[in-house]
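File shown: my_file38.cif (mmCIF, C-alpha atoms).
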data_my_file
#
loop_
_atom_site.label_atom_id
_atom_site.label_comp_id
_atom_site.auth_asym_id
_atom_site.auth_seq_id
_atom_site.Cartn_x
_atom_site.Cartn_y
_atom_site.Cartn_z
CA MET A 1 67.28 -20.10 89.64
CA ARG A 2 63.50 -20.51 89.72
CA THR A 3 62.37 -23.84 88.24
CA ASP A 4 59.54 -24.27 85.76
CA ASP A 5 57.55 -26.01 88.47
CA ASP A 6 57.92 -22.99 90.75
CA LEU A 7 56.82 -20.69 88.01
CA THR A 8 53.83 -22.73 86.95
CA ARG A 9 52.74 -23.10 90.56
CA LEU A 10 52.91 -19.33 90.94
CA LEU A 11 51.06 -18.85 87.70
CA ARG A 12 48.23 -21.13 88.72
CA ARG A 13 47.92 -19.30 92.00
CA GLY A 14 48.03 -15.93 90.30
CA PHE A 15 45.47 -16.89 87.68
CA THR A 16 43.15 -18.31 90.32
CA GLN A 17 43.41 -15.20 92.45
CA ALA A 18 42.94 -12.88 89.51
CA THR A 19 39.73 -14.58 88.45
CA ALA A 20 38.33 -15.53 91.84
CA ASP A 21 35.56 -12.97 91.87
CA LEU A 22 34.58 -13.31 88.23
CA ASP A 23 31.18 -14.65 87.51
CA PRO A 24 29.06 -14.15 84.42
CA GLY A 25 25.80 -12.40 85.05
CA PRO A 26 22.58 -14.39 85.30
CA ASP A 27 21.34 -12.79 82.10
CA LEU A 28 24.06 -14.18 79.89
CA VAL A 29 21.87 -16.83 78.29
CA ARG A 30 19.20 -14.26 77.56
CA ALA A 31 21.75 -11.77 76.24
CA VAL A 32 23.25 -14.32 73.87
CA ARG A 33 19.84 -15.41 72.66
CA ARG A 34 18.80 -11.80 72.12
CA ARG A 35 21.91 -11.12 70.06
CA TYR A 36 21.36 -14.34 68.15
CA VAL A 37 17.80 -13.41 67.23
CA ARG A 38 18.84 -9.89 66.28
CA ALA A 39 21.67 -11.20 64.11
CA ARG A 40 19.31 -13.62 62.40
CA ARG A 41 16.83 -10.87 61.68
CA ARG A 42 19.60 -8.71 60.28
CA ARG A 43 20.88 -11.52 58.07
CA LEU A 44 17.40 -12.18 56.77
CA ALA A 45 16.83 -8.50 56.13
CA VAL A 46 20.14 -8.18 54.30
CA GLY A 47 19.34 -11.29 52.31
CA VAL A 48 16.24 -9.57 50.97
CA ALA A 49 17.46 -6.00 50.80
CA VAL A 50 20.80 -6.46 49.07
CA PRO A 51 19.55 -8.26 45.98
CA ALA A 52 16.66 -5.81 45.77
CA ALA A 53 19.07 -2.91 45.99
CA VAL A 54 21.32 -4.47 43.37
CA LEU A 55 18.35 -4.91 41.10
CA ALA A 56 17.25 -1.35 41.66
CA ALA A 57 20.72 0.04 41.06
CA GLY A 58 21.32 -2.15 38.04
CA SER A 59 18.07 -1.27 36.35
CA GLY A 60 18.38 2.44 36.98
CA LEU A 61 21.32 3.34 34.82
CA ALA A 62 20.85 6.94 35.68
CA LEU A 63 22.80 9.69 34.08
CA ALA A 64 24.60 11.47 36.83
CA GLY A 65 23.87 15.16 36.71
CA ARG A 66 20.32 14.79 35.53
CA ASP A 67 19.18 17.20 38.22
CA ILE A 68 21.77 19.80 37.42
CA PRO A 69 20.52 22.83 35.53
CA ASN A 70 21.90 23.23 32.03
CA HIS A 71 22.74 19.56 31.99
CA ALA A 72 26.36 19.72 32.93
CA PRO A 73 27.85 16.81 31.03
CA VAL A 74 28.91 13.93 33.22
CA ALA A 75 30.65 10.72 32.33
CA VAL A 76 28.50 7.65 32.68
CA GLN A 77 29.79 4.13 33.03
CA PRO A 78 27.74 1.50 31.29
CA PRO A 79 26.76 -1.41 33.50
CA SER A 80 29.25 -4.22 33.44
CA ALA A 81 26.55 -6.86 33.70
CA PRO A 82 22.85 -6.87 32.98
CA ALA A 83 20.66 -6.31 35.97
CA THR A 84 18.46 -9.23 35.01
CA SER A 85 21.29 -11.61 35.83
CA VAL A 86 20.91 -10.87 39.55
CA THR A 87 18.25 -12.90 41.30
CA PRO A 88 17.18 -12.32 44.89
CA ARG A 89 18.03 -15.26 47.11
CA THR A 90 14.52 -15.38 48.45
CA ALA A 91 12.85 -15.38 45.03
CA THR A 92 11.12 -18.55 44.01
CA PRO A 93 12.64 -19.79 40.78
CA THR A 94 10.14 -19.88 37.99
CA PRO A 95 10.55 -22.07 34.95
CA VAL A 96 8.93 -19.52 32.62
CA PRO A 97 11.01 -16.33 32.31
CA LYS A 98 9.17 -13.03 32.18
CA PRO A 99 9.35 -11.21 28.86
CA VAL A 100 12.11 -8.63 29.02
CA THR A 101 11.04 -5.01 28.95
CA TYR A 102 13.08 -1.85 29.14
CA THR A 103 12.92 1.58 30.68
CA VAL A 104 14.45 4.77 29.46
CA VAL A 105 17.17 6.00 31.70
CA ALA A 106 16.29 9.20 33.58
CA LEU A 107 15.14 11.56 30.91
CA HIS A 108 12.27 13.09 32.79
CA GLN A 109 14.03 16.27 33.84
CA HIS A 110 15.28 18.17 30.88
CA SER A 111 15.93 21.80 30.33
CA ALA A 112 16.87 22.59 26.78
CA PRO A 113 20.48 22.46 25.75
CA SER A 114 21.20 22.00 22.11
CA ASN A 115 22.27 18.56 21.14
CA CYS A 116 25.95 17.94 20.55
CA PRO A 117 27.05 21.38 21.74
CA ALA A 118 30.32 22.61 20.29
CA ASN A 119 31.47 23.88 23.66
CA ALA A 120 30.80 20.66 25.55
CA THR A 121 33.38 19.91 28.18
CA GLY A 122 32.18 16.46 29.11
CA PRO A 123 31.57 13.23 27.28
CA VAL A 124 27.79 12.95 27.78
CA GLY A 125 24.78 15.25 27.81
CA LYS A 126 21.03 15.23 27.45
CA SER A 127 18.66 17.02 25.18
CA GLU A 128 14.98 17.78 25.55
CA ASN A 129 14.05 18.77 22.08
CA PRO A 130 14.66 16.55 20.32
CA ALA A 131 14.63 14.16 23.27
CA GLY A 132 17.78 12.15 23.50
CA VAL A 133 21.34 11.85 24.63
CA TRP A 134 24.50 12.94 22.94
CA PHE A 135 27.95 11.62 23.65
CA TRP A 136 31.38 11.77 22.18
CA SER A 137 32.68 8.70 20.43
CA LYS A 138 36.11 8.66 18.78
CA GLY A 139 36.14 12.40 18.37
CA THR A 140 32.65 12.61 16.96
CA CYS A 141 29.56 13.78 18.76
CA VAL A 142 26.80 11.22 18.42
CA PHE A 143 23.19 12.09 19.05
CA VAL A 144 20.73 9.34 19.92
CA GLY A 145 17.09 10.31 19.82
CA ILE A 146 14.46 8.74 22.02
CA SER A 147 10.81 8.27 21.23
CA VAL A 148 8.08 5.73 21.75
CA ALA A 149 6.15 3.69 19.21
CA ALA A 150 3.17 1.43 19.56
CA THR A 151 4.54 -1.10 17.12
CA LYS A 152 7.81 -1.91 15.48
CA PRO A 153 8.22 -2.13 11.73
CA ALA A 154 7.65 -5.51 10.19
CA ASP A 155 11.10 -5.47 8.63
CA ALA A 156 12.93 -4.89 11.92
CA VAL A 157 15.47 -7.60 12.62
CA PRO A 158 16.72 -8.88 16.01
CA VAL A 159 19.68 -6.98 17.42
CA GLN A 160 22.21 -8.99 19.39
CA ILE A 161 23.62 -7.09 22.36
CA LYS A 162 24.81 -9.10 25.33
CA GLY A 163 22.50 -8.66 28.29
CA PHE A 164 19.87 -6.85 26.23
CA PRO A 165 17.62 -9.51 24.74
CA GLY A 166 14.50 -8.81 22.72
CA LEU A 167 15.78 -5.77 20.82
CA TYR A 168 15.03 -5.17 17.16
CA GLY A 169 16.54 -2.77 14.69
CA THR A 170 16.34 -1.28 11.25
CA LEU A 171 18.91 0.49 9.11
CA GLN A 172 17.51 2.86 6.50
CA LYS A 173 19.08 5.82 4.74
CA GLY A 174 21.99 6.07 7.11
CA VAL A 175 19.78 5.99 10.20
CA ARG A 176 19.86 3.12 12.61
CA THR A 177 16.77 2.58 14.73
CA ILE A 178 16.64 0.28 17.73
CA TYR A 179 13.34 -0.92 19.13
CA ALA A 180 13.20 -2.03 22.77
CA PRO A 181 9.98 -3.51 24.18
CA THR A 182 8.46 -1.59 27.04
CA ARG A 183 5.40 -1.62 29.26
CA PRO A 184 3.24 1.36 30.11
CA GLY A 185 5.05 3.59 32.54
CA PRO A 186 6.05 7.14 33.38
CA TYR A 187 8.00 7.67 30.16
CA ASP A 188 5.74 5.85 27.78
CA GLN A 189 2.11 5.59 28.84
CA ARG A 190 1.11 3.49 25.89
CA GLY A 191 3.73 0.80 26.33
CA GLY A 192 4.88 -0.71 23.09
CA TRP A 193 8.43 0.10 22.02
CA ILE A 194 11.15 2.52 23.03
CA VAL A 195 12.75 3.80 19.85
CA LEU A 196 16.38 4.85 19.74
CA THR A 197 17.46 6.66 16.60
CA MET A 198 21.10 7.23 15.73
CA PRO A 199 23.42 7.58 12.76
CA ALA A 200 24.35 4.33 11.07
CA ASN A 201 27.98 4.69 12.12
CA ALA A 202 27.16 5.34 15.79
CA PRO A 203 28.25 2.71 18.31
CA GLN A 204 24.84 1.15 18.86
CA GLU A 205 25.84 -1.01 21.81
CA THR A 206 27.17 1.99 23.71
CA ALA A 207 24.01 3.92 22.97
CA VAL A 208 21.75 1.09 24.04
CA ARG A 209 23.62 0.51 27.28
CA MET A 210 23.58 4.20 28.01
CA MET A 211 19.96 4.90 27.33
CA ILE A 212 17.84 1.92 28.22
CA SER A 213 17.84 -0.51 31.04
CA PRO A 214 16.22 -3.91 31.41
CA ALA A 215 13.26 -3.39 33.71
CA ASN A 216 12.37 -7.00 34.21
CA GLY A 217 8.76 -6.23 33.54
CA ALA A 218 8.37 -3.41 36.05
CA TYR A 219 9.30 0.19 36.48
CA ASN A 220 11.46 1.24 39.35
CA MET B 221 12.14 -16.23 63.91
CA ARG B 222 12.15 -19.27 66.11
CA MET B 223 14.20 -18.86 69.21
CA ASP B 224 14.02 -22.55 70.03
CA VAL B 225 16.24 -23.32 67.05
CA LEU B 226 18.94 -23.41 69.71
CA GLY B 227 17.08 -25.55 72.22
CA SER B 228 17.52 -25.91 75.94
CA ASP B 229 20.80 -27.82 75.53
CA PHE B 230 22.37 -24.61 74.30
CA ASP B 231 21.16 -22.75 77.38
CA GLN B 232 22.61 -25.45 79.56
CA PHE B 233 25.91 -25.28 77.71
CA VAL B 234 26.07 -21.51 78.19
CA ARG B 235 25.34 -21.83 81.90
CA ASP B 236 27.94 -24.54 82.40
CA SER B 237 30.73 -23.13 80.31
CA SER B 238 30.40 -19.38 80.77
CA PRO B 239 32.25 -19.05 84.12
CA GLY B 240 35.32 -20.77 82.72
CA LEU B 241 35.09 -18.89 79.44
CA LEU B 242 34.78 -15.55 81.21
CA ARG B 243 37.86 -16.27 83.30
CA LEU B 244 39.77 -17.36 80.24
CA ALA B 245 38.75 -14.24 78.36
CA TYR B 246 39.62 -12.07 81.32
CA LEU B 247 43.11 -13.51 81.59
CA LEU B 248 43.61 -13.07 77.86
CA THR B 249 42.29 -9.52 77.61
CA GLY B 250 43.02 -8.15 81.08
CA ASP B 251 39.73 -6.29 81.15
CA ARG B 252 36.44 -7.49 82.53
CA GLY B 253 34.24 -5.51 80.16
CA HIS B 254 36.10 -6.75 77.12
CA ALA B 255 36.10 -10.26 78.52
CA GLU B 256 32.32 -10.22 78.78
CA ASP B 257 32.05 -8.93 75.22
CA VAL B 258 34.40 -11.63 74.01
CA VAL B 259 32.44 -14.37 75.75
CA GLN B 260 29.11 -13.15 74.44
CA THR B 261 30.44 -12.88 70.91
CA ALA B 262 32.04 -16.31 71.10
CA LEU B 263 28.80 -17.84 72.35
CA LEU B 264 26.95 -16.07 69.57
CA GLN B 265 29.30 -17.66 67.05
CA VAL B 266 28.64 -21.02 68.66
CA ALA B 267 24.88 -20.39 68.58
CA ARG B 268 25.00 -19.82 64.84
CA LYS B 269 26.59 -23.21 64.34
CA TRP B 270 25.03 -24.99 67.27
CA ARG B 271 23.28 -27.68 65.24
CA ARG B 272 26.27 -28.20 63.00
CA ILE B 273 28.93 -28.60 65.66
CA ARG B 274 29.94 -32.23 65.85
CA GLY B 275 31.26 -33.51 69.13
CA GLU B 276 31.93 -31.32 72.11
CA PRO B 277 31.18 -27.62 71.63
CA ALA B 278 33.63 -26.60 74.37
CA PRO B 279 36.83 -26.73 72.28
CA TYR B 280 35.14 -24.79 69.50
CA THR B 281 33.97 -22.15 71.95
CA ARG B 282 37.37 -21.93 73.57
CA ARG B 283 38.98 -21.39 70.19
CA ALA B 284 36.48 -18.64 69.45
CA VAL B 285 37.30 -16.92 72.74
CA VAL B 286 41.03 -17.13 72.08
CA ASN B 287 40.65 -15.69 68.60
CA LEU B 288 38.37 -12.89 69.70
CA ALA B 289 40.68 -12.03 72.58
CA LYS B 290 43.57 -11.95 70.13
CA ASN B 291 41.65 -9.49 67.98
CA HIS B 292 40.87 -7.40 71.03
CA TRP B 293 44.54 -7.35 71.94
CA ARG B 294 45.52 -6.33 68.43
CA ASP B 295 42.93 -3.56 68.43
CA ARG B 296 44.12 -2.34 71.79
CA PHE B 297 47.49 -1.47 70.35
CA ARG B 298 45.76 0.55 67.66
CA ARG B 299 44.07 2.64 70.33
CA PRO B 300 46.78 4.67 72.00
CA HIS B 301 44.42 6.26 74.53
CA GLU B 302 43.88 2.96 76.33
CA SER B 303 46.85 2.67 78.61
CA THR B 304 48.46 -0.54 79.74
CA ALA B 305 48.40 0.70 83.31
CA THR B 306 44.61 0.62 83.35
CA VAL B 307 44.56 -2.93 82.15
CA GLU B 308 47.19 -4.03 84.62
CA SER B 309 45.40 -2.51 87.57
CA CYS B 310 42.23 -4.32 86.51
CA TYR B 311 44.07 -7.53 86.00
CA ALA B 312 45.09 -8.27 89.56
CA PRO B 313 42.61 -7.83 92.40
CA PRO B 314 43.86 -6.13 95.55
CA GLU B 315 43.75 -9.27 97.63
CA ALA B 316 46.38 -10.99 95.49
CA ASP B 317 49.75 -11.17 97.18
CA VAL B 318 52.30 -8.55 96.27
CA LEU B 319 54.52 -10.66 94.09
CA LEU B 320 51.64 -11.90 92.01
CA GLN B 321 49.88 -8.57 91.89
CA GLN B 322 52.83 -6.32 91.25
CA VAL B 323 55.24 -8.51 89.35
CA LEU B 324 53.95 -11.77 87.94
CA LEU B 325 50.58 -10.78 86.54
CA PRO B 326 51.81 -7.55 84.94
CA ALA B 327 54.67 -9.57 83.47
CA VAL B 328 52.14 -12.00 82.03
CA MET B 329 50.25 -9.08 80.53
CA ASP B 330 53.44 -7.81 78.94
CA LEU B 331 53.99 -11.10 77.14
CA PRO B 332 53.14 -11.32 73.46
CA ALA B 333 49.52 -12.41 73.01
CA ARG B 334 50.33 -15.93 71.90
CA GLN B 335 52.74 -16.59 74.76
CA ARG B 336 50.20 -15.30 77.23
CA ALA B 337 47.52 -17.47 75.68
CA VAL B 338 49.76 -20.52 75.90
CA LEU B 339 50.34 -19.96 79.60
CA VAL B 340 46.68 -19.33 80.34
CA LEU B 341 45.51 -22.36 78.41
CA ARG B 342 48.10 -24.67 79.86
CA TYR B 343 48.31 -23.52 83.45
CA PHE B 344 44.86 -22.09 84.05
CA GLN B 345 42.69 -24.23 81.82
CA ASP B 346 45.00 -27.21 82.37
CA LEU B 347 44.99 -28.15 78.72
CA SER B 348 47.52 -30.55 77.30
CA VAL B 349 50.05 -29.39 74.74
CA GLU B 350 47.89 -30.93 71.99
CA GLN B 351 44.70 -29.27 73.21
CA THR B 352 46.49 -25.94 73.51
CA ALA B 353 47.82 -26.30 69.98
CA ASP B 354 44.30 -27.02 68.78
CA ALA B 355 42.87 -24.00 70.58
CA LEU B 356 45.53 -21.71 69.16
CA GLY B 357 45.61 -23.26 65.71
CA CYS B 358 49.32 -23.95 65.82
CA SER B 359 51.64 -26.94 66.13
CA THR B 360 52.56 -28.64 69.38
CA GLY B 361 56.15 -27.60 68.75
CA THR B 362 55.07 -23.97 68.71
CA VAL B 363 53.20 -24.44 71.98
CA LYS B 364 56.27 -25.92 73.62
CA SER B 365 58.61 -23.22 72.36
CA GLN B 366 56.19 -20.44 73.27
CA THR B 367 55.82 -21.91 76.75
CA HIS B 368 59.58 -22.06 77.12
CA HIS B 369 60.03 -18.45 76.01
CA ALA B 370 57.17 -17.21 78.17
CA LEU B 371 58.44 -18.93 81.29
CA GLY B 372 61.90 -17.56 80.57
CA LYS B 373 60.56 -14.02 80.46
CA LEU B 374 58.59 -14.51 83.65
CA ARG B 375 61.68 -15.94 85.31
CA GLU B 376 63.55 -12.82 84.36
CA ALA B 377 60.77 -10.57 85.60
CA LEU B 378 60.51 -12.37 88.94
CA GLY B 379 64.22 -12.31 89.62
CA ASP B 380 65.71 -14.00 92.67
CA PRO B 381 63.58 -16.70 94.35
CA ALA B 382 64.57 -15.27 97.72
CA ASP B 383 62.22 -12.36 97.01
CA LEU B 384 59.37 -14.79 96.68
CA LYS B 385 60.07 -16.33 100.06
CA GLU B 386 60.23 -12.92 101.67
CA ASN B 387 56.96 -11.92 100.11
CA ASP B 388 55.32 -15.21 100.96
CA HIS B 389 56.33 -14.82 104.59
CA ALA B 390 55.18 -11.26 104.60
CA HIS B 391 51.68 -12.27 103.41
#
Using structure tokens, write down the structure from this file.
Amino acid sequence: MRTDDDLTRLLRRGFTQATADLDPGPDLVRAVRRRYVRARRRRLAVGVAVPAAVLAAGSGLALAGRDIPNHAPVAVQPPSAPATSVTPRTATPTPVPKPVTYTVVALHQHSAPSNCPANATGPVGKSENPAGVWFWSKGTCVFVGISVAATKPADAVPVQIKGFPGLYGTLQKGVRTIYAPTRPGPYDQRGGWIVLTMPANAPQETAVRMMISPANGAYN
Amino acid sequence: MRMDVLGSDFDQFVRDSSPGLLRLAYLLTGDRGHAEDVVQTALLQVARKWRRIRGEPAPYTRRAVVNLAKNHWRDRFRRPHESTATVESCYAPPEADVLLQQVLLPAVMDLPARQRAVLVLRYFQDLSVEQTADALGCSTGTVKSQTHHALGKLREALGDPADLKENDHAH
């Protein structure tokens, strides 16, 4: 019976023999430093790029299928959190928040389907004339028109929707109108207000989340 | 991007420790190429925490090598095209005597990863039971039992001691 001492002696000899000719190359220090610098650069780049990408994705609540002819209706998920809540790690915190502005979500490529088509197979679609979005809500097709105004009515009151500050609204003759501040941009050269018009019984929060996006003062 | 964040003490540490780390990684992985990868990656992990490591960096580095080698070993079994035979033939150099080359070292390679690591750490790195337990992240009791099981398997693989004497005389 071989003793533990015998075995360990053999093991030591075997290990020593097996590794006798092993020697790290002279460039190991340089190789490690090179990988270290590369990894640091990558981490820094990711630290900048990821929040920027999140901001870009969050603020561009694009309707999927906007490039498809005839506007094939496609389901759109509203954002679960406002894009303005994400701050890049590298950004310098500022004590004075920028005024919130909004962009219209991807309505620059329309053909001309009728709004609320009877033969719609999907839950969401777009319309050019009148400009807007229709969607199904509880068995009813809701059409939300989009336009731009230089000013909002004096009687407009603040609308409280989580993650969408600075909105105003009116309710007149069964028509609800939401006013969202905007800056001059590709959809609204004058700046002023994005105007969403919908029936009084339409789910306004769904419509707002679907059609405008906080732009944090800039267009994407 | 300041490269001297690491300082010359890191360079010195790499120069001093890398031969031992490479041998450790080689015995754990059985492949020189993988061993070099493991050592570089372990040293990179150390570099990232160089200024925050309190005390000796060697145990931390050794633990990193053991963990990376363990991952390599796990991955190896997910890659069926990499045969054990290749690793075994790399493991023992031709000048090793027959018993070590053909029986003992392949038997060590056939051990479960943790048992192999215990043997390498204890009988190649000459670590105590406590240091081995620290490197493997397990209890001293586990180290002792794994050592016992590993030596038992090697004993079985080696067979009769008379063979050893014959081989020793022959070489």
Assuming the chain letters and numbering stay as they are in my file, what does the PyMOL selection byres ((chain A) within 8 of (chain B)) actually select? List them as a ChimeraX atom specification. /A:1-2,4,7-8,10-12,14-19,22-24,28-29,31-33,35-37,40-41
Residues matched by the PyMOL selection byres ((chain A and resi 199) around 10) as a ChimeraX atom specification: /A:142-145,171-177,197-198,200-204
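For the pair atom CA of B:Ala327 and atom CA of B:Val258, the interatomic distance is 22.5 Å.
Reported to one decimal place, the separation of atom CA of B:Gln366 from atom CA of B:Pro332 is 9.6 Å.
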Using only C-alpha atoms, find all polymer residues with an atom at most 8 Å away from the point (16.0, 7.3, 21.3); report them as an NGL selection string. :A and (131-133 or 144-147 or 178 or 194-198 or 211)
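Here atom CA of B:His292 and atom CA of B:Thr249 stand 7.1 Å from one another.
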Give me the residues within 10 Å of stretch 155-157 of chain A as a PyMOL selection string, counting all atoms listed in the file and dropping any in the same chain fewer than 2 places off. chain A and resi 152-153+159-160+167-171+177-179
Go ahead and dump the residues you just picked, C-alpha atoms, as a compact mmCIF listing (two decimals), keeping the file's coordinate frame.
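Result file follows (selection.txt):
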# COMPACT_ATOMS: atom_id res chain seq x y z
CA LYS A 152 7.81 -1.91 15.48
CA PRO A 153 8.22 -2.13 11.73
CA VAL A 159 19.68 -6.98 17.42
CA GLN A 160 22.21 -8.99 19.39
CA LEU A 167 15.78 -5.77 20.82
CA TYR A 168 15.03 -5.17 17.16
CA GLY A 169 16.54 -2.77 14.69
CA THR A 170 16.34 -1.28 11.25
CA LEU A 171 18.91 0.49 9.11
CA THR A 177 16.77 2.58 14.73
CA ILE A 178 16.64 0.28 17.73
CA TYR A 179 13.34 -0.92 19.13
I need the output of the PyMOL selection byres ((chain B and resi 352) around 12) for this file as a count of residues only; which residues are they? 36
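Residue nearest B:Pro326 within the list B:Gly253, B:Trp270, B:Lys373, B:Ala284: B:Lys373 [criterion: smallest interatomic distance, only C-alpha atoms].
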